[in-house]
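my_file-v8.pdb (PDB, C-alpha atoms and all ligand atoms)
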ATOM      1  CA  MET O   1       0.000   0.000   0.000  1.00  0.00           C
ATOM      2  CA  GLY O   2       2.884   2.380   0.781  1.00  0.00           C
ATOM      3  CA  ARG O   3       4.341   2.113  -2.720  1.00  0.00           C
ATOM      4  CA  LEU O   4       0.929   2.337  -4.359  1.00  0.00           C
ATOM      5  CA  LYS O   5       0.197   5.514  -2.459  1.00  0.00           C
ATOM      6  CA  ARG O   6       3.572   7.001  -3.378  1.00  0.00           C
ATOM      7  CA  SER O   7       2.950   6.247  -7.036  1.00  0.00           C
ATOM      8  CA  GLY O   8      -0.597   7.649  -7.018  1.00  0.00           C
ATOM      9  CA  VAL O   9      -1.272   6.064 -10.382  1.00  0.00           C
ATOM     10  CA  VAL O  10      -1.221   2.546 -11.774  1.00  0.00           C
ATOM     11  CA  ALA O  11      -0.901   2.137 -15.538  1.00  0.00           C
ATOM     12  CA  GLY O  12      -3.104  -0.702 -16.784  1.00  0.00           C
ATOM     13  CA  PHE O  13      -2.407  -2.564 -19.999  1.00  0.00           C
ATOM     14  CA  ALA O  14      -2.626  -5.897 -21.815  1.00  0.00           C
ATOM     15  CA  VAL O  15      -0.066  -7.101 -24.334  1.00  0.00           C
ATOM     16  CA  ASP O  16      -0.725  -9.072 -27.505  1.00  0.00           C
ATOM     17  CA  GLN O  17       2.967  -9.768 -28.021  1.00  0.00           C
ATOM     18  CA  VAL O  18       5.218 -10.758 -25.153  1.00  0.00           C
ATOM     19  CA  GLU O  19       8.041  -8.678 -26.703  1.00  0.00           C
ATOM     20  CA  HIS O  20       6.030  -5.544 -25.915  1.00  0.00           C
ATOM     21  CA  ALA O  21       5.838  -6.182 -22.163  1.00  0.00           C
ATOM     22  CA  VAL O  22       9.284  -5.070 -20.986  1.00  0.00           C
ATOM     23  CA  PRO O  23       9.606  -2.013 -23.284  1.00  0.00           C
ATOM     24  CA  THR O  24       6.135  -0.833 -22.198  1.00  0.00           C
ATOM     25  CA  ALA O  25       6.999  -1.119 -18.517  1.00  0.00           C
ATOM     26  CA  GLU O  26      10.417   0.459 -19.151  1.00  0.00           C
ATOM     27  CA  ALA O  27       8.835   3.446 -20.895  1.00  0.00           C
ATOM     28  CA  LEU O  28       6.530   3.951 -17.907  1.00  0.00           C
ATOM     29  CA  LEU O  29       9.400   3.593 -15.460  1.00  0.00           C
ATOM     30  CA  ALA O  30      11.451   6.147 -17.401  1.00  0.00           C
ATOM     31  CA  ALA O  31       8.552   8.584 -16.919  1.00  0.00           C
ATOM     32  CA  GLY O  32       8.390   7.900 -13.189  1.00  0.00           C
ATOM     33  CA  ILE O  33       5.358   5.609 -13.250  1.00  0.00           C
ATOM     34  CA  ASP O  34       6.575   2.513 -11.473  1.00  0.00           C
ATOM     35  CA  ALA O  35       3.252   0.784 -10.708  1.00  0.00           C
ATOM     36  CA  ILE O  36       1.484  -1.260 -13.362  1.00  0.00           C
ATOM     37  CA  GLU O  37      -1.495  -3.559 -13.752  1.00  0.00           C
ATOM     38  CA  LEU O  38      -0.857  -6.067 -16.503  1.00  0.00           C
ATOM     39  CA  THR O  39      -4.142  -7.765 -17.300  1.00  0.00           C
ATOM     40  CA  LEU O  40      -4.566 -11.479 -17.958  1.00  0.00           C
ATOM     41  CA  ARG O  41      -6.589 -10.915 -21.109  1.00  0.00           C
ATOM     42  CA  THR O  42      -4.281 -12.322 -23.772  1.00  0.00           C
ATOM     43  CA  ASP O  43      -2.584 -15.648 -24.389  1.00  0.00           C
ATOM     44  CA  VAL O  44       0.846 -14.224 -23.666  1.00  0.00           C
ATOM     45  CA  ALA O  45      -0.116 -12.440 -20.432  1.00  0.00           C
ATOM     46  CA  LEU O  46       1.536 -14.873 -18.040  1.00  0.00           C
ATOM     47  CA  ASP O  47       4.791 -14.882 -20.012  1.00  0.00           C
ATOM     48  CA  ALA O  48       4.623 -11.092 -20.034  1.00  0.00           C
ATOM     49  CA  VAL O  49       4.298 -11.071 -16.221  1.00  0.00           C
ATOM     50  CA  LYS O  50       7.388 -13.313 -15.968  1.00  0.00           C
ATOM     51  CA  ALA O  51       9.350 -11.126 -18.389  1.00  0.00           C
ATOM     52  CA  ILE O  52       8.674  -7.977 -16.369  1.00  0.00           C
ATOM     53  CA  ALA O  53       9.267  -9.712 -13.028  1.00  0.00           C
ATOM     54  CA  ASP O  54      12.641 -11.032 -14.267  1.00  0.00           C
ATOM     55  CA  GLY O  55      13.761  -7.956 -16.191  1.00  0.00           C
ATOM     56  CA  LEU O  56      12.465  -4.965 -14.248  1.00  0.00           C
ATOM     57  CA  PRO O  57      12.731  -5.444 -10.483  1.00  0.00           C
ATOM     58  CA  ASP O  58      11.940  -1.746  -9.872  1.00  0.00           C
ATOM     59  CA  ILE O  59       8.414  -2.111 -11.224  1.00  0.00           C
ATOM     60  CA  LEU O  60       5.603  -2.639  -8.730  1.00  0.00           C
ATOM     61  CA  LEU O  61       4.052  -5.456 -10.704  1.00  0.00           C
ATOM     62  CA  GLY O  62       0.298  -5.773 -10.365  1.00  0.00           C
ATOM     63  CA  VAL O  63      -1.701  -8.295 -12.335  1.00  0.00           C
ATOM     64  CA  GLY O  64      -5.354  -7.756 -13.229  1.00  0.00           C
ATOM     65  CA  THR O  65      -8.258  -9.834 -14.504  1.00  0.00           C
ATOM     66  CA  ILE O  66      -7.467 -12.671 -12.088  1.00  0.00           C
ATOM     67  CA  LEU O  67     -10.672 -14.648 -12.389  1.00  0.00           C
ATOM     68  CA  THR O  68      -9.780 -18.041 -10.847  1.00  0.00           C
ATOM     69  CA  PRO O  69      -7.785 -19.376  -7.877  1.00  0.00           C
ATOM     70  CA  GLU O  70      -5.552 -21.186 -10.394  1.00  0.00           C
ATOM     71  CA  GLN O  71      -4.646 -17.915 -12.096  1.00  0.00           C
ATOM     72  CA  LEU O  72      -3.918 -16.394  -8.708  1.00  0.00           C
ATOM     73  CA  VAL O  73      -1.343 -19.110  -8.020  1.00  0.00           C
ATOM     74  CA  GLN O  74       0.143 -18.757 -11.513  1.00  0.00           C
ATOM     75  CA  VAL O  75       0.667 -15.015 -11.244  1.00  0.00           C
ATOM     76  CA  LYS O  76       2.165 -15.320  -7.779  1.00  0.00           C
ATOM     77  CA  GLU O  77       4.617 -17.922  -9.108  1.00  0.00           C
ATOM     78  CA  ALA O  78       5.340 -15.696 -12.118  1.00  0.00           C
ATOM     79  CA  GLY O  79       6.490 -12.905  -9.795  1.00  0.00           C
ATOM     80  CA  ALA O  80       3.483 -10.592  -9.355  1.00  0.00           C
ATOM     81  CA  HIS O  81       3.615  -8.232  -6.373  1.00  0.00           C
ATOM     82  CA  PHE O  82      -0.128  -7.736  -6.095  1.00  0.00           C
ATOM     83  CA  GLY O  83      -3.300  -8.815  -7.849  1.00  0.00           C
ATOM     84  CA  VAL O  84      -6.705  -7.381  -8.666  1.00  0.00           C
ATOM     85  CA  SER O  85      -9.897  -8.627 -10.257  1.00  0.00           C
ATOM     86  CA  PRO O  86     -12.946  -6.988 -11.784  1.00  0.00           C
ATOM     87  CA  GLY O  87     -15.302  -8.705  -9.346  1.00  0.00           C
ATOM     88  CA  MET O  88     -15.539 -10.108  -5.847  1.00  0.00           C
ATOM     89  CA  ASN O  89     -14.922 -13.861  -6.129  1.00  0.00           C
ATOM     90  CA  PRO O  90     -14.473 -15.315  -2.612  1.00  0.00           C
ATOM     91  CA  ARG O  91     -12.466 -18.283  -3.939  1.00  0.00           C
ATOM     92  CA  VAL O  92      -9.939 -15.956  -5.525  1.00  0.00           C
ATOM     93  CA  VAL O  93      -9.663 -13.835  -2.369  1.00  0.00           C
ATOM     94  CA  GLN O  94      -9.153 -16.979  -0.282  1.00  0.00           C
ATOM     95  CA  ALA O  95      -6.427 -18.172  -2.671  1.00  0.00           C
ATOM     96  CA  ALA O  96      -4.697 -14.789  -2.349  1.00  0.00           C
ATOM     97  CA  VAL O  97      -4.709 -15.085   1.447  1.00  0.00           C
ATOM     98  CA  GLU O  98      -3.473 -18.673   1.299  1.00  0.00           C
ATOM     99  CA  HIS O  99      -0.639 -17.851  -1.112  1.00  0.00           C
ATOM    100  CA  GLY O 100       0.322 -14.523   0.437  1.00  0.00           C
ATOM    101  CA  LEU O 101      -0.390 -12.306  -2.583  1.00  0.00           C
ATOM    102  CA  PRO O 102      -1.705  -8.821  -1.690  1.00  0.00           C
ATOM    103  CA  PHE O 103      -5.019  -8.668  -3.487  1.00  0.00           C
ATOM    104  CA  ALA O 104      -7.777  -6.118  -4.112  1.00  0.00           C
ATOM    105  CA  PRO O 105     -11.033  -7.626  -5.366  1.00  0.00           C
ATOM    106  CA  GLY O 106     -13.296  -5.514  -7.549  1.00  0.00           C
ATOM    107  CA  ILE O 107     -16.389  -4.141  -5.836  1.00  0.00           C
ATOM    108  CA  CYS O 108     -19.095  -1.769  -7.006  1.00  0.00           C
ATOM    109  CA  THR O 109     -21.969  -2.222  -4.557  1.00  0.00           C
ATOM    110  CA  PRO O 110     -22.302  -2.249  -0.761  1.00  0.00           C
ATOM    111  CA  SER O 111     -23.013  -5.991  -0.953  1.00  0.00           C
ATOM    112  CA  ASP O 112     -19.771  -6.615  -2.859  1.00  0.00           C
ATOM    113  CA  LEU O 113     -17.938  -4.493  -0.328  1.00  0.00           C
ATOM    114  CA  GLU O 114     -19.397  -6.354   2.663  1.00  0.00           C
ATOM    115  CA  ALA O 115     -18.415  -9.674   1.104  1.00  0.00           C
ATOM    116  CA  ALA O 116     -14.857  -8.382   0.677  1.00  0.00           C
ATOM    117  CA  ILE O 117     -14.745  -6.993   4.218  1.00  0.00           C
ATOM    118  CA  GLU O 118     -15.924 -10.325   5.599  1.00  0.00           C
ATOM    119  CA  LEU O 119     -12.936 -11.989   3.942  1.00  0.00           C
ATOM    120  CA  GLY O 120     -10.559  -9.492   5.548  1.00  0.00           C
ATOM    121  CA  CYS O 121     -10.033  -7.084   2.617  1.00  0.00           C
ATOM    122  CA  ARG O 122      -9.376  -3.462   3.534  1.00  0.00           C
ATOM    123  CA  PHE O 123      -8.087  -2.372   0.109  1.00  0.00           C
ATOM    124  CA  VAL O 124     -10.538  -2.885  -2.744  1.00  0.00           C
ATOM    125  CA  LYS O 125     -10.739  -2.031  -6.395  1.00  0.00           C
ATOM    126  CA  PHE O 126     -13.736   0.174  -7.238  1.00  0.00           C
ATOM    127  CA  PHE O 127     -14.710  -1.000 -10.727  1.00  0.00           C
ATOM    128  CA  PRO O 128     -16.190   0.164 -13.054  1.00  0.00           C
ATOM    129  CA  ALA O 129     -15.768   3.514 -11.350  1.00  0.00           C
ATOM    130  CA  GLU O 130     -17.112   6.069 -13.817  1.00  0.00           C
ATOM    131  CA  ALA O 131     -19.926   3.928 -15.188  1.00  0.00           C
ATOM    132  CA  SER O 132     -21.114   3.152 -11.636  1.00  0.00           C
ATOM    133  CA  GLY O 133     -21.496   6.793 -10.718  1.00  0.00           C
ATOM    134  CA  GLY O 134     -17.955   8.025 -10.153  1.00  0.00           C
ATOM    135  CA  VAL O 135     -16.786  10.045  -7.202  1.00  0.00           C
ATOM    136  CA  ASN O 136     -20.229  10.900  -5.832  1.00  0.00           C
ATOM    137  CA  TYR O 137     -21.276   7.282  -5.908  1.00  0.00           C
ATOM    138  CA  LEU O 138     -18.045   6.219  -4.211  1.00  0.00           C
ATOM    139  CA  LYS O 139     -18.496   8.808  -1.450  1.00  0.00           C
ATOM    140  CA  SER O 140     -22.015   7.619  -0.799  1.00  0.00           C
ATOM    141  CA  MET O 141     -21.165   3.911  -0.888  1.00  0.00           C
ATOM    142  CA  ALA O 142     -18.086   4.312   1.314  1.00  0.00           C
ATOM    143  CA  ALA O 143     -19.796   6.342   4.045  1.00  0.00           C
ATOM    144  CA  PRO O 144     -21.203   3.449   6.137  1.00  0.00           C
ATOM    145  CA  TYR O 145     -17.811   1.692   6.140  1.00  0.00           C
ATOM    146  CA  ARG O 146     -15.588   4.714   6.777  1.00  0.00           C
ATOM    147  CA  HIS O 147     -14.936   3.690  10.408  1.00  0.00           C
ATOM    148  CA  LEU O 148     -13.418   0.426   9.110  1.00  0.00           C
ATOM    149  CA  GLY O 149     -10.697   2.313   7.243  1.00  0.00           C
ATOM    150  CA  ILE O 150     -11.412   0.830   3.808  1.00  0.00           C
ATOM    151  CA  GLN O 151      -9.195   2.191   1.013  1.00  0.00           C
ATOM    152  CA  TYR O 152     -10.386   2.277  -2.595  1.00  0.00           C
ATOM    153  CA  PHE O 153      -8.518   1.844  -5.875  1.00  0.00           C
ATOM    154  CA  PRO O 154     -10.808   3.236  -8.603  1.00  0.00           C
ATOM    155  CA  LEU O 155     -10.533   2.045 -12.210  1.00  0.00           C
ATOM    156  CA  GLY O 156     -12.848   2.063 -15.165  1.00  0.00           C
ATOM    157  CA  GLY O 157     -13.245   5.206 -17.231  1.00  0.00           C
ATOM    158  CA  LEU O 158     -10.562   7.234 -15.455  1.00  0.00           C
ATOM    159  CA  ASN O 159      -8.303   9.615 -17.357  1.00  0.00           C
ATOM    160  CA  ALA O 160      -6.107  12.684 -16.891  1.00  0.00           C
ATOM    161  CA  GLY O 161      -9.212  14.857 -16.704  1.00  0.00           C
ATOM    162  CA  ASN O 162     -11.028  13.102 -13.878  1.00  0.00           C
ATOM    163  CA  MET O 163      -8.247  11.366 -11.901  1.00  0.00           C
ATOM    164  CA  LYS O 164      -7.778  14.313  -9.559  1.00  0.00           C
ATOM    165  CA  ASP O 165     -11.415  14.160  -8.408  1.00  0.00           C
ATOM    166  CA  TYR O 166     -10.707  10.677  -7.048  1.00  0.00           C
ATOM    167  CA  LEU O 167      -7.238  11.394  -5.678  1.00  0.00           C
ATOM    168  CA  GLU O 168      -8.664  14.232  -3.615  1.00  0.00           C
ATOM    169  CA  LEU O 169     -10.577  11.691  -1.522  1.00  0.00           C
ATOM    170  CA  ASP O 170      -8.690  10.647   1.600  1.00  0.00           C
ATOM    171  CA  ASN O 171      -9.711   7.003   1.151  1.00  0.00           C
ATOM    172  CA  VAL O 172      -8.237   6.784  -2.382  1.00  0.00           C
ATOM    173  CA  PRO O 173      -4.463   6.250  -2.179  1.00  0.00           C
ATOM    174  CA  THR O 174      -4.078   5.623  -5.897  1.00  0.00           C
ATOM    175  CA  ILE O 175      -6.039   5.395  -9.124  1.00  0.00           C
ATOM    176  CA  GLY O 176      -5.533   3.439 -12.314  1.00  0.00           C
ATOM    177  CA  GLY O 177      -6.537   3.077 -15.891  1.00  0.00           C
ATOM    178  CA  SER O 178      -5.652   1.996 -19.366  1.00  0.00           C
ATOM    179  CA  TRP O 179      -5.654   5.467 -20.933  1.00  0.00           C
ATOM    180  CA  ILE O 180      -1.928   6.039 -20.316  1.00  0.00           C
ATOM    181  CA  VAL O 181      -0.693   3.068 -22.327  1.00  0.00           C
ATOM    182  CA  GLU O 182      -2.136   3.948 -25.706  1.00  0.00           C
ATOM    183  CA  LYS O 183      -2.295   0.817 -27.824  1.00  0.00           C
ATOM    184  CA  GLY O 184      -1.126   2.555 -31.008  1.00  0.00           C
ATOM    185  CA  LEU O 185       2.096   3.682 -29.346  1.00  0.00           C
ATOM    186  CA  VAL O 186       2.822   0.126 -28.189  1.00  0.00           C
ATOM    187  CA  GLU O 187       1.990  -1.425 -31.551  1.00  0.00           C
ATOM    188  CA  SER O 188       4.230   1.020 -33.376  1.00  0.00           C
ATOM    189  CA  GLY O 189       7.022   0.603 -30.818  1.00  0.00           C
ATOM    190  CA  ASP O 190       6.974   4.321 -30.012  1.00  0.00           C
ATOM    191  CA  TRP O 191       8.477   3.957 -26.555  1.00  0.00           C
ATOM    192  CA  ASN O 192       9.555   7.618 -26.392  1.00  0.00           C
ATOM    193  CA  GLY O 193       6.014   8.659 -27.242  1.00  0.00           C
ATOM    194  CA  LEU O 194       4.664   6.421 -24.510  1.00  0.00           C
ATOM    195  CA  SER O 195       7.155   7.818 -21.999  1.00  0.00           C
ATOM    196  CA  ALA O 196       6.182  11.368 -22.928  1.00  0.00           C
ATOM    197  CA  ARG O 197       2.501  10.559 -22.437  1.00  0.00           C
ATOM    198  CA  ALA O 198       3.199   8.922 -19.072  1.00  0.00           C
ATOM    199  CA  ALA O 199       5.415  11.819 -18.006  1.00  0.00           C
ATOM    200  CA  GLU O 200       2.502  14.235 -18.460  1.00  0.00           C
ATOM    201  CA  VAL O 201       0.433  12.190 -16.015  1.00  0.00           C
ATOM    202  CA  ARG O 202       3.356  11.924 -13.602  1.00  0.00           C
ATOM    203  CA  GLU O 203       3.846  15.673 -13.746  1.00  0.00           C
ATOM    204  CA  MET O 204       0.186  16.411 -13.037  1.00  0.00           C
ATOM    205  CA  ILE O 205       0.353  14.279  -9.923  1.00  0.00           C
ATOM    206  CA  ASN O 206       3.727  15.638  -8.806  1.00  0.00           C
ATOM    207  CA  LYS O 207       2.606  19.222  -9.278  1.00  0.00           C
ATOM    208  CA  GLY O 208      -0.040  18.660  -6.664  1.00  0.00           C
ATOM    209  CA  ALA O 209      -2.860  18.705  -9.176  1.00  0.00           C
ATOM    210  CA  CYS O 210      -3.808  15.667  -7.129  1.00  0.00           C
ATOM    211  CA  ASN O 211      -3.799  15.459  -3.404  1.00  0.00           C
ATOM    212  CA  VAL O 212      -1.671  12.359  -2.800  1.00  0.00           C
TER     213      VAL O 212
HETATM  214  O1  LIG O 301      -8.431  -3.008 -14.723  1.00  0.00           O
HETATM  215  C1  LIG O 301      -8.455  -2.409 -15.738  1.00  0.00           C
HETATM  216  C2  LIG O 301      -9.657  -1.712 -16.205  1.00  0.00           C
HETATM  217  O2  LIG O 301     -10.197  -2.359 -17.321  1.00  0.00           O
HETATM  218  C3  LIG O 301      -9.341  -0.292 -16.504  1.00  0.00           C
HETATM  219  O3  LIG O 301     -10.462   0.361 -17.012  1.00  0.00           O
HETATM  220  P1  LIG O 301     -10.270   1.421 -18.170  1.00  0.00           P
HETATM  221  O4  LIG O 301      -9.839   0.644 -19.390  1.00  0.00           O
HETATM  222  O5  LIG O 301     -11.605   2.052 -18.347  1.00  0.00           O
HETATM  223  O6  LIG O 301      -9.204   2.385 -17.761  1.00  0.00           O
HETATM  224  C1  LIG O 302     -11.241  -4.646 -14.854  1.00  0.00           C
HETATM  225  C2  LIG O 302     -10.488  -5.239 -13.781  1.00  0.00           C
HETATM  226  O1  LIG O 302     -10.694  -4.908 -12.671  1.00  0.00           O
HETATM  227  C3  LIG O 302      -9.488  -6.247 -14.069  1.00  0.00           C
HETATM  228  O2  LIG O 302      -9.357  -6.608 -15.224  1.00  0.00           O
HETATM  229  O3  LIG O 302      -8.816  -6.711 -13.141  1.00  0.00           O
END

Write out the structure in this file as structure tokens.
Ligand SMILES: O=C[C@H](O)COP(=O)(O)O
Ligand SMILES: CC(=O)C(=O)O
Amino acid sequence: MGRLKRSGVVAGFAVDQVEHAVPTAEALLAAGIDAIELTLRTDVALDAVKAIADGLPDILLGVGTILTPEQLVQVKEAGAHFGVSPGMNPRVVQAAVEHGLPFAPGICTPSDLEAAIELGCRFVKFFPAEASGGVNYLKSMAAPYRHLGIQYFPLGGLNAGNMKDYLELDNVPTIGGSWIVEKGLVESGDWNGLSARAAEVREMINKGACNV
């Protein structure tokens, strides 16, 4: 949680080619974004996790779209530092506890949140954030659980224009999204372009545009 809070932003992406994984993460790192969420949405995702874990020890390596306990074990063995999922699957949360992988399940209703709390989670992914009602919805949903110290990691529809509204909340240590890693830049191998794009986000956060 300390490193996630220091970063303030987690760059989400999937890779279609394993060769794109390390250069993408390197371009982010060069721009000062050291926290990523690599999603398990392609055939090469697990190899991509291994490549980043082996090649870039300075990256805080999160893995997303963990939908089964088996995947949880695989990503832990591949070197992930933390995991997230779109939804609240108790079997996946239990596997994370059993295998010692910090894990934030996705929640978007009070019932999801209570299920996560019951399993011991105090850091949850709020997904899909914007489509569910955004900051106002989060404030309202979080209110009855504030005394429990729950921290939220919003994703889904975030971008440079709305990220600060979330980061201003004291129960949001970091935000994330896929808008930073533009697919076209990755596909064309424009790593400088990707770094420049990431650096703009880094600068906005550093400048205090966001209260982290
Ligand atoms: O976990 C990753 C989410 O799909 C991010 O949502 P987004 O693509 O709207 O930024
Ligand atoms: C969307 C999301 O939360 C995930 O892919 O992990």

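Distances from O:Lys125, O:Lys76, O:Lys50, O:His81 to ligand LIG 302 (chain O) were compared using all atoms listed in the file, and the smallest one belongs to O:Lys125.
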
Would you compute, for all listed atoms of ligand LIG 302 (chain O), the axis-aligned bounding box grown by 5 Å on each side, and then report its centre and edge lengths in Å rounded to one decimal, as AutoDock Vina command-line options?
--center_x -10.0 --center_y -5.7 --center_z -13.9 --size_x 12.4 --size_y 12.1 --size_z 12.6

*Would you name the residues within 9 Å of ligand LIG 301 (chain O), counting only C-alpha atoms and all ligand atoms, and put them as a ChimeraX atom specification?*
/O:11-13,37-39,63-65,84-86,125,127-130,154-159,176-180

Would you give me, as a Markdown table, each residue of segment 118-201 of chain O having an atom within 9 Å of an atom of segment 2-10 of chain O, along with its shortest atom pair and that distance in Å to one decimal, using all atoms listed in the file and sorting by chain and residue number?
| residue | atom | partner | partner_atom | distance |
| --- | --- | --- | --- | --- |
| O:Met163 | CA | O:Val9 | CA | 8.9 |
| O:Leu167 | CA | O:Gly8 | CA | 7.7 |
| O:Val172 | CA | O:Lys5 | CA | 8.5 |
| O:Pro173 | CA | O:Lys5 | CA | 4.7 |
| O:Thr174 | CA | O:Gly8 | CA | 4.2 |
| O:Ile175 | CA | O:Val9 | CA | 5.0 |
| O:Gly176 | CA | O:Val10 | CA | 4.4 |
| O:Gly177 | CA | O:Val10 | CA | 6.7 |
| O:Ser178 | CA | O:Val10 | CA | 8.8 |
| O:Val201 | CA | O:Val9 | CA | 8.5 |

*Give me the result of the PyMOL selection byres (((chain O and resi 28-35) around 8) and not hetatm) on this file, residue by residue, as JSON, numbers by chain.*
{"O": [4, 7, 9, 10, 11, 24, 25, 26, 27, 36, 37, 58, 59, 60, 61, 62, 194, 195, 196, 198, 199, 202]}

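Counting only C-alpha atoms, the residue from O:Gly87, O:Ser140, O:Ala80, O:Glu118 that sits nearest to Pro102 of chain O is O:Ala80.
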
*asked:* With distances taken over all atoms listed in the file, which residue among O:Cys121, O:Ala131, O:Gly55, O:Tyr166 lies nearest Leu148 of chain O?
replied: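 Result for the nearest residue to Leu148 of chain O: O:Cys121.
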
_With 10 Å as the threshold, what does the neighbourhood of (5.7, -12.3, -20.4) contain in terms of residues, counting all atoms listed in the file? Coordinates are those of the file; answer as a list in words._
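Residues with an atom close enough to that point: Val15, Gln17, Val18, Glu19, His20, Ala21, Val22, Leu38, Asp43, Val44, Ala45, Leu46, Asp47, Ala48, Val49, Lys50, Ala51, Ile52, Ala53, Asp54 and Ala78 of chain O.
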
*Step by step: start from the point (-9.6, -0.2, -0.1) in the file's coordinates, keep every protein, DNA or RNA residue that has an atom no farther than 7 Å from it, count all atoms listed in the file, and write the set as a ChimeraX atom specification.*
/O:122-125,150-153

*O:Ala104, O:Val73, O:Met204, O:Met141: which is nearest ligand LIG 302 (chain O), counting all atoms listed in the file?*
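Of the candidates, the smallest distance to ligand LIG 302 (chain O) is held by O:Ala104.
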
*asked:* Which residues are near Ser132 of chain O? Cut-off 9 Å, all atoms listed in the file, ignore same chain within fewer than 5 positions. Put them as a list in words.
replied: Cys108, Thr109, Phe127, Tyr137 and Leu138 of chain O

Restrict the selected residues to C-alpha atoms and save them as a PDB file, in the frame of the given file.
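Writing the result to result_25.pdb gives the following:
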ATOM      1  CA  CYS O 108     -19.095  -1.769  -7.006  1.00  0.00           C
ATOM      2  CA  THR O 109     -21.969  -2.222  -4.557  1.00  0.00           C
ATOM      3  CA  PHE O 127     -14.710  -1.000 -10.727  1.00  0.00           C
ATOM      4  CA  TYR O 137     -21.276   7.282  -5.908  1.00  0.00           C
ATOM      5  CA  LEU O 138     -18.045   6.219  -4.211  1.00  0.00           C
TER       6      LEU O 138
END

_Ranking O:Val92, O:Glu77, O:Thr42, O:Gly106 by minimum distance to ligand LIG 302 (chain O) and counting all atoms listed in the file, which one comes first?_
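Looking only at the distances to ligand LIG 302 (chain O), the closest residue turns out to be O:Gly106.
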